[in-house]
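Visitor: My structure is below; once you've seen it, I'll send some questions.
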Amino acid sequence: MNSQTQEKIAGYLEGKTILVTGGTGSFGNRFVRTVLENYHPRKVIIYSRDELKQYEMASRFEKYTKQIRFFIGDVRDRDRLCLATRGVDIIVHAAALKQVPAAEYNPMECIKTNVMGAENVIECALQNNIDKVIALSTDKAANPINLYGATKLCSDKLFTAANNLSGDRRTRFSVVRYGNVSGSRGSVVPLFKKMRDEGAAFIPVTNTKMTRFWITLDQGVDFVLQSLVRMHGGETFVPKIPSIRIVDLAKTIAPEIPIKEIGIRPGEKIHEVMCPRDDSGHIIEFDSFFIIRPSLTYFMIPQSTYLVTCLGEKGHPVPDGFEYNSKDNPVYMDEAMLREVCENS
């Protein structure tokens, strides 16, 4: 991130109150630390349902007790969420049920949190005149084949459509979509390390051809912060990030242990997509990211504005049939990059 962008982020966050749903997760912890250490918000509110995780997080952020608040609640509970968002300027919506197999076996629970919870965030943001809302999405929302991805696609559509509900309110909604996060809970890196350290007979890989987009927690947090200041409303922001081959990752972590293919899990893809081919008419390419502009027409946001962000970055439409997927991505992590990721995760 260049200094000019950082200054604009600092200017925007100065004196603001930020609420992070699902704020005790991997992203929330890193986002809150980044904001408190580098910027000067008035207050950061952690909204989540696990009191133990809130207690543990409060212990880690003890020196920021004047700026940080903890609010026990669930995004499924609209009344509680609306109470928590009074006086808030910015919502970063990170709460979700994310485990693909769990979503396949518990579909209604996933729908309640990821779809109905998103609707609650939107209604509370409009009711309380929030300035900006950024919702975190996933590569699995692009051409979804699993329930988790389908619920996140629904969530994305809800947030982009919400801009037509703002009327004369200031509230704007956008989405950030990126791939697998190294160092996050649920990442395959800790699993492979654990198996290596325990002397496993083999490292299980569901498919030896599998590729994934890869981003660090710090990169994800920085991209969300940049998107907050560059957004007009209605965009889906997609960073340009490298791909990895899961086999290469396993070999880097445990080079002495053989790899065994165990078969695709329910709802799993071999390769991931972040900008689907069917959306190519709406995709704008910038130096380090893409924008998928909304297919809807907003009365208060001209379509032409998406070619230039609020940070002054200029983009251009992609060719018809363009797709951004993890298999054909021109940038893959090499051995040195993989080793660094593994050491820092």
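In the structure tokens, the first chain shown is A, the next is B, and so on; residue numbers restart at 1 for each chain, and ligands run from 1 in the order shown.
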Neighbouring residues of Gly234 of chain A were defined as those with any atom within 12 Å, considering only C-alpha atoms; residues of the same chain fewer than 2 positions away were excluded. Please report them as a ChimeraX atom specification.
Guide: /A:132-135,156-166,171-176,227-228,230-232,236-237,282,291-303,305-306
Visitor: Hey, what's within 7 Å of segment 177-179 of chain A if we count only C-alpha atoms and toss same-chain stuff fewer than 3 positions away? As a ChimeraX atom specification, please?
Guide: /A:136-139,213-215,236-239
Visitor: Limited to N, CA and C atoms, could you put the picked residues into a file as a short mmCIF file (atom, residue, chain, number, x, y, z; two decimals), in the first residue's frame?
Guide:
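selection12.cif, written as the output of this step:
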data_model
loop_
_atom_site.label_atom_id
_atom_site.label_comp_id
_atom_site.auth_asym_id
_atom_site.auth_seq_id
_atom_site.Cartn_x
_atom_site.Cartn_y
_atom_site.Cartn_z
N LEU A 136 -17.60 -9.18 3.46
CA LEU A 136 -16.57 -10.12 2.99
C LEU A 136 -17.23 -11.30 2.30
N SER A 137 -16.76 -11.60 1.10
CA SER A 137 -17.27 -12.73 0.33
C SER A 137 -16.17 -13.77 0.17
N THR A 138 -16.30 -14.63 -0.81
CA THR A 138 -15.37 -15.74 -1.02
C THR A 138 -15.36 -16.13 -2.49
N ASP A 139 -14.25 -16.73 -2.92
CA ASP A 139 -14.20 -17.23 -4.29
C ASP A 139 -15.28 -18.29 -4.54
N PHE A 213 -6.59 -19.90 -5.04
CA PHE A 213 -6.06 -18.56 -4.82
C PHE A 213 -5.56 -18.47 -3.39
N TRP A 214 -4.53 -17.63 -3.19
CA TRP A 214 -3.91 -17.57 -1.87
C TRP A 214 -3.63 -16.12 -1.48
N ILE A 215 -4.01 -15.75 -0.26
CA ILE A 215 -3.80 -14.39 0.23
C ILE A 215 -3.47 -14.47 1.71
N THR A 236 -18.15 -5.24 -6.48
CA THR A 236 -17.49 -6.39 -5.86
C THR A 236 -16.01 -6.27 -6.20
N PHE A 237 -15.19 -6.07 -5.18
CA PHE A 237 -13.75 -5.89 -5.37
C PHE A 237 -13.04 -7.24 -5.29
N VAL A 238 -12.17 -7.51 -6.25
CA VAL A 238 -11.44 -8.78 -6.31
C VAL A 238 -9.95 -8.47 -6.47
N PRO A 239 -9.11 -8.83 -5.51
CA PRO A 239 -7.68 -8.54 -5.65
C PRO A 239 -7.00 -9.49 -6.62
#
Visitor: Please produce, as a Markdown table, a per-residue contact table for segment 114-216 of chain A versus segment 80-90 of chain A (criterion: any atom at most 10 Å away, only C-alpha atoms considered), showing the nearest atom pair and its distance in Å to one decimal, sorted by chain then residue number.
Guide:
| residue | atom | partner | partner_atom | distance |
| --- | --- | --- | --- | --- |
| A:Gly117 | CA | A:Leu81 | CA | 9.6 |
| A:Asn120 | CA | A:Leu81 | CA | 7.6 |
| A:Val121 | CA | A:Leu81 | CA | 7.3 |
| A:Ile122 | CA | A:Cys82 | CA | 10.0 |
| A:Glu123 | CA | A:Cys82 | CA | 8.2 |
| A:Cys124 | CA | A:Cys82 | CA | 4.9 |
| A:Ala125 | CA | A:Thr85 | CA | 7.2 |
| A:Leu126 | CA | A:Cys82 | CA | 9.7 |
| A:Gln127 | CA | A:Cys82 | CA | 7.7 |
| A:Asn128 | CA | A:Arg86 | CA | 5.8 |
| A:Asn129 | CA | A:Asp89 | CA | 7.9 |
| A:Ile130 | CA | A:Asp89 | CA | 4.9 |
| A:Asp131 | CA | A:Asp89 | CA | 5.1 |
| A:Lys132 | CA | A:Ile90 | CA | 5.0 |
| A:Val133 | CA | A:Ile90 | CA | 5.8 |
| A:Ile134 | CA | A:Ile90 | CA | 8.0 |
| A:Thr171 | CA | A:Asp89 | CA | 9.2 |
| A:Arg172 | CA | A:Ile90 | CA | 9.9 |
Visitor: So which residues touch segment 93-101 of chain A within 8 Å, counting only C-alpha atoms, skipping near sequence neighbours fewer than 5 positions away, as a JSON list (two decimals) with N, CA, C and O atoms, in the first residue's frame?
Guide:
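Full text of selection_16.json as output:
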[["chain", "number", "residue", "atom", "x", "y", "z"],
["A", 20, "VAL", "N", -17.37, -4.54, 13.60],
["A", 20, "VAL", "CA", -16.96, -5.73, 12.85],
["A", 20, "VAL", "C", -17.81, -6.90, 13.31],
["A", 20, "VAL", "O", -17.72, -7.33, 14.46],
["A", 21, "THR", "N", -18.66, -7.41, 12.42],
["A", 21, "THR", "CA", -19.41, -8.62, 12.77],
["A", 21, "THR", "C", -18.49, -9.82, 12.65],
["A", 21, "THR", "O", -17.60, -9.86, 11.80],
["A", 22, "GLY", "N", -18.68, -10.79, 13.53],
["A", 22, "GLY", "CA", -17.76, -11.93, 13.53],
["A", 22, "GLY", "C", -16.35, -11.50, 13.86],
["A", 22, "GLY", "O", -15.37, -12.07, 13.38],
["A", 23, "GLY", "N", -16.23, -10.48, 14.69],
["A", 23, "GLY", "CA", -14.94, -9.82, 14.90],
["A", 23, "GLY", "C", -13.91, -10.59, 15.69],
["A", 23, "GLY", "O", -12.76, -10.17, 15.77],
["A", 27, "PHE", "N", -9.81, -12.96, 10.64],
["A", 27, "PHE", "CA", -9.82, -11.67, 9.97],
["A", 27, "PHE", "C", -10.08, -10.55, 10.96],
["A", 27, "PHE", "O", -9.39, -9.52, 10.96],
["A", 28, "GLY", "N", -11.09, -10.72, 11.82],
["A", 28, "GLY", "CA", -11.45, -9.67, 12.76],
["A", 28, "GLY", "C", -10.30, -9.29, 13.67],
["A", 28, "GLY", "O", -10.04, -8.10, 13.90],
["A", 48, "SER", "N", -20.03, -10.33, 18.14],
["A", 48, "SER", "CA", -19.93, -11.77, 17.92],
["A", 48, "SER", "C", -20.68, -12.49, 19.02],
["A", 48, "SER", "O", -21.08, -11.88, 20.02],
["A", 75, "VAL", "N", -25.72, -12.20, 14.23],
["A", 75, "VAL", "CA", -26.30, -11.47, 13.09],
["A", 75, "VAL", "C", -27.70, -11.97, 12.76],
["A", 75, "VAL", "O", -28.45, -11.31, 12.05],
["A", 110, "CYS", "N", -26.67, -22.60, 7.81],
["A", 110, "CYS", "CA", -25.83, -21.76, 6.95],
["A", 110, "CYS", "C", -26.66, -20.64, 6.31],
["A", 110, "CYS", "O", -26.23, -19.48, 6.24],
["A", 113, "THR", "N", -27.52, -17.79, 8.89],
["A", 113, "THR", "CA", -26.43, -16.87, 9.19],
["A", 113, "THR", "C", -25.99, -16.08, 7.96],
["A", 113, "THR", "O", -25.89, -14.85, 8.00],
["A", 114, "ASN", "N", -25.76, -16.77, 6.86],
["A", 114, "ASN", "CA", -25.13, -16.12, 5.70],
["A", 114, "ASN", "C", -26.09, -15.31, 4.85],
["A", 114, "ASN", "O", -25.68, -14.32, 4.23],
["A", 121, "VAL", "N", -28.05, -7.20, 8.54],
["A", 121, "VAL", "CA", -27.00, -6.18, 8.49],
["A", 121, "VAL", "C", -27.45, -5.00, 7.62],
["A", 121, "VAL", "O", -27.29, -3.83, 7.98],
["A", 133, "VAL", "N", -20.75, 0.12, 4.26],
["A", 133, "VAL", "CA", -20.76, -1.28, 4.66],
["A", 133, "VAL", "C", -19.95, -2.08, 3.65],
["A", 133, "VAL", "O", -20.20, -2.00, 2.45],
["A", 134, "ILE", "N", -18.95, -2.80, 4.15],
["A", 134, "ILE", "CA", -18.18, -3.73, 3.32],
["A", 134, "ILE", "C", -18.48, -5.14, 3.80],
["A", 134, "ILE", "O", -18.31, -5.46, 4.98],
["A", 135, "ALA", "N", -18.92, -6.00, 2.89],
["A", 135, "ALA", "CA", -19.21, -7.39, 3.22],
["A", 135, "ALA", "C", -18.12, -8.29, 2.64],
["A", 135, "ALA", "O", -17.77, -8.16, 1.47],
["A", 136, "LEU", "N", -17.60, -9.18, 3.46],
["A", 136, "LEU", "CA", -16.57, -10.12, 2.99],
["A", 136, "LEU", "C", -17.23, -11.30, 2.30],
["A", 136, "LEU", "O", -18.14, -11.93, 2.85],
["A", 146, "ASN", "N", -21.44, -25.47, -4.09],
["A", 146, "ASN", "CA", -21.74, -25.92, -2.73],
["A", 146, "ASN", "C", -22.65, -24.92, -2.05],
["A", 146, "ASN", "O", -22.82, -23.78, -2.51],
["A", 147, "LEU", "N", -23.27, -25.34, -0.96],
["A", 147, "LEU", "CA", -24.25, -24.49, -0.29],
["A", 147, "LEU", "C", -23.60, -23.24, 0.29],
["A", 147, "LEU", "O", -24.17, -22.15, 0.22],
["A", 148, "TYR", "N", -22.40, -23.39, 0.86],
["A", 148, "TYR", "CA", -21.72, -22.21, 1.39],
["A", 148, "TYR", "C", -21.54, -21.16, 0.31],
["A", 148, "TYR", "O", -21.89, -19.99, 0.49],
["A", 186, "GLY", "N", -9.05, -22.87, 9.84],
["A", 186, "GLY", "CA", -9.59, -23.65, 8.74],
["A", 186, "GLY", "C", -8.63, -23.77, 7.57],
["A", 186, "GLY", "O", -8.89, -24.51, 6.63],
["A", 265, "ARG", "N", -14.09, -33.74, -1.43],
["A", 265, "ARG", "CA", -15.09, -33.66, -0.37],
["A", 265, "ARG", "C", -16.42, -33.11, -0.93],
["A", 265, "ARG", "O", -16.44, -32.52, -2.01],
["A", 266, "PRO", "N", -17.52, -33.30, -0.20],
["A", 266, "PRO", "CA", -18.81, -32.75, -0.67],
["A", 266, "PRO", "C", -18.72, -31.25, -0.93],
["A", 266, "PRO", "O", -18.28, -30.48, -0.08],
["A", 267, "GLY", "N", -19.11, -30.84, -2.15],
["A", 267, "GLY", "CA", -19.15, -29.42, -2.48],
["A", 267, "GLY", "C", -17.82, -28.79, -2.83],
["A", 267, "GLY", "O", -17.73, -27.57, -2.97],
["A", 268, "GLU", "N", -16.77, -29.57, -3.02],
["A", 268, "GLU", "CA", -15.44, -29.03, -3.27],
["A", 268, "GLU", "C", -15.16, -28.94, -4.77],
["A", 268, "GLU", "O", -15.54, -29.82, -5.54]]
Visitor: Quick one: pull the distance between atom CA of Glu340 of chain A and atom CA of Leu36 of chain A, Å, one decimal.
Guide: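 Taking atom CA of Glu340 of chain A as the start and atom CA of Leu36 of chain A as the end point, the length is 26.1 Å.
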Visitor: Out of segment 11-148 of chain A, which residues get alpha helix (DSSP H) from DSSP, as JSON, numbers by chain?
Guide: {"A": [11, 12, 13, 26, 27, 28, 29, 30, 31, 32, 33, 34, 35, 36, 37, 38, 51, 52, 53, 54, 55, 56, 57, 58, 59, 60, 78, 79, 80, 81, 82, 83, 84, 100, 101, 102, 103, 104, 105, 107, 108, 109, 110, 111, 117, 118, 119, 120, 121, 122, 123, 124, 125, 126, 127, 147, 148]}
Visitor: Counting only C-alpha atoms, which of A:Ile241, A:Ile259, A:Leu19, A:Ala103 gets nearest to Asp287 of chain A?
Guide: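 Checking each candidate against Asp287 of chain A, we get A:Ile241 as the closest.
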Visitor: Go through segment 79-128 of chain A and collect every residue that DSSP, computed from the backbone, puts in strand (DSSP E or B); the answer should be as a list in words.
Guide: Ile90, Ile91, Val92 and His93 of chain A
Visitor: Output N, CA and C atoms for every residue in the selection just made, as a PDB file, in the first residue's frame.
Guide:
ATOM      1  N   ILE A  90     -19.159   2.757  10.138  1.00  0.00           N
ATOM      2  CA  ILE A  90     -18.689   1.750   9.184  1.00  0.00           C
ATOM      3  C   ILE A  90     -18.993   0.364   9.734  1.00  0.00           C
ATOM      4  N   ILE A  91     -19.533  -0.505   8.882  1.00  0.00           N
ATOM      5  CA  ILE A  91     -19.679  -1.916   9.235  1.00  0.00           C
ATOM      6  C   ILE A  91     -18.799  -2.744   8.310  1.00  0.00           C
ATOM      7  N   VAL A  92     -17.984  -3.602   8.900  1.00  0.00           N
ATOM      8  CA  VAL A  92     -17.261  -4.624   8.154  1.00  0.00           C
ATOM      9  C   VAL A  92     -17.910  -5.952   8.522  1.00  0.00           C
ATOM     10  N   HIS A  93     -18.586  -6.552   7.560  1.00  0.00           N
ATOM     11  CA  HIS A  93     -19.388  -7.753   7.830  1.00  0.00           C
ATOM     12  C   HIS A  93     -18.563  -8.995   7.516  1.00  0.00           C
TER      13      HIS A  93
END
Visitor: Skip Gly315 of chain A itself and residues of its chain fewer than 6 positions away, then list as a list in words all residues within 9 Å of it, counting only C-alpha atoms.
Guide: Ile284, Glu285, Phe286, Asp287, Phe290, Ile291, Tyr306, Leu307, Val308 and Thr309 of chain A
Visitor: Give me, as an mmCIF file with all heavy atoms, in the first residue's frame, all polymer residues having an atom no more than 12 Å from segment 330-333 of chain A, counting only C-alpha atoms and skipping those fewer than 5 positions away in the same chain.
Guide:
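Contents of out-v8.cif, freshly written:
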data_model
loop_
_atom_site.group_PDB
_atom_site.id
_atom_site.type_symbol
_atom_site.label_atom_id
_atom_site.label_comp_id
_atom_site.auth_asym_id
_atom_site.auth_seq_id
_atom_site.Cartn_x
_atom_site.Cartn_y
_atom_site.Cartn_z
ATOM 1 N N THR A 211 -5.985 -26.487 -7.413
ATOM 2 C CA THR A 211 -5.331 -25.180 -7.246
ATOM 3 C C THR A 211 -6.244 -24.276 -6.426
ATOM 4 O O THR A 211 -7.464 -24.485 -6.376
ATOM 5 C CB THR A 211 -5.050 -24.498 -8.601
ATOM 6 O OG1 THR A 211 -6.305 -24.235 -9.268
ATOM 7 C CG2 THR A 211 -4.169 -25.357 -9.483
ATOM 8 N N ARG A 212 -5.643 -23.285 -5.787
ATOM 9 C CA ARG A 212 -6.402 -22.323 -5.003
ATOM 10 C C ARG A 212 -5.759 -20.938 -5.112
ATOM 11 O O ARG A 212 -4.531 -20.820 -5.267
ATOM 12 C CB ARG A 212 -6.436 -22.724 -3.514
ATOM 13 C CG ARG A 212 -7.326 -23.922 -3.215
ATOM 14 C CD ARG A 212 -8.777 -23.596 -3.409
ATOM 15 N NE ARG A 212 -9.681 -24.698 -3.082
ATOM 16 C CZ ARG A 212 -10.139 -25.568 -3.957
ATOM 17 N NH1 ARG A 212 -9.748 -25.512 -5.226
ATOM 18 N NH2 ARG A 212 -10.999 -26.515 -3.592
ATOM 19 N N PHE A 213 -6.593 -19.898 -5.038
ATOM 20 C CA PHE A 213 -6.065 -18.557 -4.824
ATOM 21 C C PHE A 213 -5.556 -18.467 -3.392
ATOM 22 O O PHE A 213 -6.083 -19.111 -2.492
ATOM 23 C CB PHE A 213 -7.169 -17.509 -5.030
ATOM 24 C CG PHE A 213 -7.577 -17.317 -6.462
ATOM 25 C CD1 PHE A 213 -8.798 -17.789 -6.924
ATOM 26 C CD2 PHE A 213 -6.750 -16.634 -7.348
ATOM 27 C CE1 PHE A 213 -9.187 -17.602 -8.241
ATOM 28 C CE2 PHE A 213 -7.132 -16.439 -8.670
ATOM 29 C CZ PHE A 213 -8.350 -16.921 -9.115
ATOM 30 N N TRP A 214 -4.533 -17.629 -3.192
ATOM 31 C CA TRP A 214 -3.914 -17.569 -1.866
ATOM 32 C C TRP A 214 -3.628 -16.123 -1.479
ATOM 33 O O TRP A 214 -3.074 -15.358 -2.261
ATOM 34 C CB TRP A 214 -2.609 -18.368 -1.868
ATOM 35 C CG TRP A 214 -2.256 -18.947 -0.536
ATOM 36 C CD1 TRP A 214 -1.310 -18.499 0.332
ATOM 37 C CD2 TRP A 214 -2.834 -20.104 0.081
ATOM 38 N NE1 TRP A 214 -1.261 -19.301 1.450
ATOM 39 C CE2 TRP A 214 -2.197 -20.301 1.316
ATOM 40 C CE3 TRP A 214 -3.845 -20.990 -0.298
ATOM 41 C CZ2 TRP A 214 -2.520 -21.341 2.186
ATOM 42 C CZ3 TRP A 214 -4.176 -22.016 0.566
ATOM 43 C CH2 TRP A 214 -3.511 -22.193 1.788
ATOM 44 N N ILE A 215 -4.014 -15.753 -0.261
ATOM 45 C CA ILE A 215 -3.799 -14.395 0.230
ATOM 46 C C ILE A 215 -3.465 -14.466 1.712
ATOM 47 O O ILE A 215 -3.942 -15.368 2.425
ATOM 48 C CB ILE A 215 -5.073 -13.528 -0.014
ATOM 49 C CG1 ILE A 215 -4.799 -12.041 0.243
ATOM 50 C CG2 ILE A 215 -6.251 -14.017 0.807
ATOM 51 C CD1 ILE A 215 -5.938 -11.135 -0.209
ATOM 52 N N LYS A 240 -5.932 -9.024 -7.265
ATOM 53 C CA LYS A 240 -5.077 -9.923 -8.059
ATOM 54 C C LYS A 240 -4.101 -10.579 -7.095
ATOM 55 O O LYS A 240 -3.233 -9.909 -6.519
ATOM 56 C CB LYS A 240 -4.333 -9.134 -9.132
ATOM 57 C CG LYS A 240 -5.228 -8.578 -10.223
ATOM 58 C CD LYS A 240 -4.408 -7.829 -11.274
ATOM 59 C CE LYS A 240 -5.281 -7.283 -12.395
ATOM 60 N NZ LYS A 240 -4.489 -6.523 -13.401
ATOM 61 N N ILE A 241 -4.259 -11.865 -6.892
ATOM 62 C CA ILE A 241 -3.421 -12.600 -5.946
ATOM 63 C C ILE A 241 -2.907 -13.871 -6.607
ATOM 64 O O ILE A 241 -3.471 -14.332 -7.600
ATOM 65 C CB ILE A 241 -4.193 -12.943 -4.655
ATOM 66 C CG1 ILE A 241 -5.514 -13.663 -4.974
ATOM 67 C CG2 ILE A 241 -4.449 -11.691 -3.833
ATOM 68 C CD1 ILE A 241 -6.318 -14.070 -3.754
ATOM 69 N N PRO A 242 -1.831 -14.457 -6.085
ATOM 70 C CA PRO A 242 -1.271 -15.647 -6.722
ATOM 71 C C PRO A 242 -2.106 -16.898 -6.463
ATOM 72 O O PRO A 242 -2.925 -16.948 -5.548
ATOM 73 C CB PRO A 242 0.114 -15.774 -6.073
ATOM 74 C CG PRO A 242 -0.015 -15.093 -4.755
ATOM 75 C CD PRO A 242 -0.998 -13.979 -4.965
ATOM 76 N N SER A 243 -1.868 -17.904 -7.282
ATOM 77 C CA SER A 243 -2.442 -19.237 -7.078
ATOM 78 C C SER A 243 -1.386 -20.154 -6.482
ATOM 79 O O SER A 243 -0.181 -19.884 -6.572
ATOM 80 C CB SER A 243 -2.925 -19.835 -8.402
ATOM 81 O OG SER A 243 -4.040 -19.151 -8.913
ATOM 82 N N ILE A 244 -1.842 -21.223 -5.887
ATOM 83 C CA ILE A 244 -0.938 -22.291 -5.440
ATOM 84 C C ILE A 244 -1.501 -23.630 -5.901
ATOM 85 O O ILE A 244 -2.709 -23.775 -6.113
ATOM 86 C CB ILE A 244 -0.761 -22.323 -3.906
ATOM 87 C CG1 ILE A 244 -2.097 -22.678 -3.223
ATOM 88 C CG2 ILE A 244 -0.204 -21.029 -3.371
ATOM 89 C CD1 ILE A 244 -1.940 -23.106 -1.793
ATOM 90 N N ARG A 245 -0.609 -24.589 -6.080
ATOM 91 C CA ARG A 245 -1.012 -25.982 -6.268
ATOM 92 C C ARG A 245 -0.948 -26.637 -4.891
ATOM 93 O O ARG A 245 0.078 -26.559 -4.212
ATOM 94 C CB ARG A 245 -0.082 -26.693 -7.256
ATOM 95 C CG ARG A 245 -0.122 -26.092 -8.655
ATOM 96 C CD ARG A 245 0.900 -26.735 -9.578
ATOM 97 N NE ARG A 245 0.872 -26.109 -10.898
ATOM 98 C CZ ARG A 245 1.578 -25.018 -11.218
ATOM 99 N NH1 ARG A 245 2.359 -24.441 -10.307
ATOM 100 N NH2 ARG A 245 1.494 -24.505 -12.435
ATOM 101 N N ILE A 246 -2.036 -27.271 -4.490
ATOM 102 C CA ILE A 246 -2.090 -27.856 -3.153
ATOM 103 C C ILE A 246 -0.983 -28.890 -2.970
ATOM 104 O O ILE A 246 -0.396 -29.021 -1.889
ATOM 105 C CB ILE A 246 -3.480 -28.491 -2.895
ATOM 106 C CG1 ILE A 246 -4.563 -27.415 -2.934
ATOM 107 C CG2 ILE A 246 -3.498 -29.203 -1.551
ATOM 108 C CD1 ILE A 246 -4.418 -26.330 -1.888
ATOM 109 N N ASP A 248 2.008 -28.742 -4.260
ATOM 110 C CA ASP A 248 3.247 -27.992 -3.986
ATOM 111 C C ASP A 248 3.293 -27.537 -2.535
ATOM 112 O O ASP A 248 4.357 -27.550 -1.894
ATOM 113 C CB ASP A 248 3.361 -26.776 -4.913
ATOM 114 C CG ASP A 248 3.568 -27.167 -6.363
ATOM 115 O OD1 ASP A 248 3.928 -28.337 -6.619
ATOM 116 O OD2 ASP A 248 3.360 -26.310 -7.246
ATOM 117 N N LEU A 249 2.141 -27.131 -2.010
ATOM 118 C CA LEU A 249 2.081 -26.701 -0.615
ATOM 119 C C LEU A 249 2.408 -27.861 0.316
ATOM 120 O O LEU A 249 3.195 -27.715 1.258
ATOM 121 C CB LEU A 249 0.680 -26.158 -0.311
ATOM 122 C CG LEU A 249 0.448 -25.613 1.094
ATOM 123 C CD1 LEU A 249 1.281 -24.371 1.342
ATOM 124 C CD2 LEU A 249 -1.033 -25.310 1.310
ATOM 125 N N THR A 252 6.092 -28.623 0.221
ATOM 126 C CA THR A 252 6.891 -27.601 0.896
ATOM 127 C C THR A 252 6.855 -27.804 2.407
ATOM 128 O O THR A 252 7.879 -27.679 3.090
ATOM 129 C CB THR A 252 6.361 -26.193 0.551
ATOM 130 O OG1 THR A 252 6.442 -25.998 -0.856
ATOM 131 C CG2 THR A 252 7.166 -25.117 1.261
ATOM 132 N N GLU A 323 -12.173 -14.692 -17.811
ATOM 133 C CA GLU A 323 -12.439 -15.323 -16.516
ATOM 134 C C GLU A 323 -11.168 -15.312 -15.681
ATOM 135 O O GLU A 323 -10.067 -15.543 -16.199
ATOM 136 C CB GLU A 323 -12.922 -16.764 -16.693
ATOM 137 C CG GLU A 323 -13.250 -17.459 -15.377
ATOM 138 C CD GLU A 323 -13.857 -18.835 -15.580
ATOM 139 O OE1 GLU A 323 -15.098 -18.908 -15.704
ATOM 140 O OE2 GLU A 323 -13.094 -19.831 -15.613
ATOM 141 N N TYR A 324 -11.309 -15.047 -14.401
ATOM 142 C CA TYR A 324 -10.177 -15.043 -13.480
ATOM 143 C C TYR A 324 -10.327 -16.259 -12.574
ATOM 144 O O TYR A 324 -11.151 -16.274 -11.666
ATOM 145 C CB TYR A 324 -10.170 -13.750 -12.671
ATOM 146 C CG TYR A 324 -8.971 -13.565 -11.756
ATOM 147 C CD1 TYR A 324 -7.682 -13.806 -12.209
ATOM 148 C CD2 TYR A 324 -9.138 -13.117 -10.449
ATOM 149 C CE1 TYR A 324 -6.589 -13.631 -11.385
ATOM 150 C CE2 TYR A 324 -8.056 -12.925 -9.609
ATOM 151 C CZ TYR A 324 -6.778 -13.186 -10.073
ATOM 152 O OH TYR A 324 -5.692 -12.998 -9.253
ATOM 153 N N ASN A 325 -9.557 -17.325 -12.874
ATOM 154 C CA ASN A 325 -9.645 -18.552 -12.086
ATOM 155 C C ASN A 325 -8.271 -18.993 -11.615
ATOM 156 O O ASN A 325 -7.240 -18.567 -12.143
ATOM 157 C CB ASN A 325 -10.344 -19.661 -12.884
ATOM 158 C CG ASN A 325 -9.556 -20.087 -14.102
ATOM 159 O OD1 ASN A 325 -8.465 -20.648 -13.992
ATOM 160 N ND2 ASN A 325 -10.100 -19.835 -15.301
ATOM 161 N N LEU A 338 6.154 -19.995 -1.200
ATOM 162 C CA LEU A 338 5.409 -20.995 -0.436
ATOM 163 C C LEU A 338 6.060 -21.238 0.925
ATOM 164 O O LEU A 338 5.380 -21.342 1.947
ATOM 165 C CB LEU A 338 5.333 -22.305 -1.212
ATOM 166 C CG LEU A 338 4.284 -22.390 -2.315
ATOM 167 C CD1 LEU A 338 4.504 -23.618 -3.164
ATOM 168 C CD2 LEU A 338 2.873 -22.384 -1.732
ATOM 169 N N ARG A 339 7.395 -21.297 0.935
ATOM 170 C CA ARG A 339 8.105 -21.538 2.185
ATOM 171 C C ARG A 339 7.881 -20.381 3.163
ATOM 172 O O ARG A 339 7.670 -20.584 4.355
ATOM 173 C CB ARG A 339 9.601 -21.715 1.904
ATOM 174 C CG ARG A 339 10.373 -22.221 3.134
ATOM 175 C CD ARG A 339 11.824 -22.520 2.803
ATOM 176 N NE ARG A 339 11.942 -23.609 1.822
ATOM 177 C CZ ARG A 339 12.364 -23.449 0.578
ATOM 178 N NH1 ARG A 339 12.716 -22.273 0.124
ATOM 179 N NH2 ARG A 339 12.439 -24.484 -0.242
ATOM 180 N N GLU A 340 7.886 -19.166 2.630
ATOM 181 C CA GLU A 340 7.667 -17.998 3.494
ATOM 182 C C GLU A 340 6.250 -18.004 4.066
ATOM 183 O O GLU A 340 6.046 -17.713 5.247
ATOM 184 C CB GLU A 340 7.891 -16.716 2.682
ATOM 185 C CG GLU A 340 7.737 -15.445 3.510
ATOM 186 C CD GLU A 340 7.965 -14.181 2.699
ATOM 187 O OE1 GLU A 340 8.345 -14.294 1.503
ATOM 188 O OE2 GLU A 340 7.746 -13.094 3.233
ATOM 189 N N VAL A 341 5.276 -18.351 3.228
ATOM 190 C CA VAL A 341 3.892 -18.426 3.695
ATOM 191 C C VAL A 341 3.757 -19.459 4.808
ATOM 192 O O VAL A 341 3.121 -19.224 5.827
ATOM 193 C CB VAL A 341 2.959 -18.782 2.526
ATOM 194 C CG1 VAL A 341 1.601 -19.262 3.038
ATOM 195 C CG2 VAL A 341 2.747 -17.567 1.618
ATOM 196 N N CYS A 342 4.383 -20.611 4.597
ATOM 197 C CA CYS A 342 4.283 -21.691 5.580
ATOM 198 C C CYS A 342 4.950 -21.316 6.905
ATOM 199 O O CYS A 342 4.460 -21.651 7.981
ATOM 200 C CB CYS A 342 4.911 -22.975 5.047
ATOM 201 S SG CYS A 342 4.034 -23.628 3.599
#
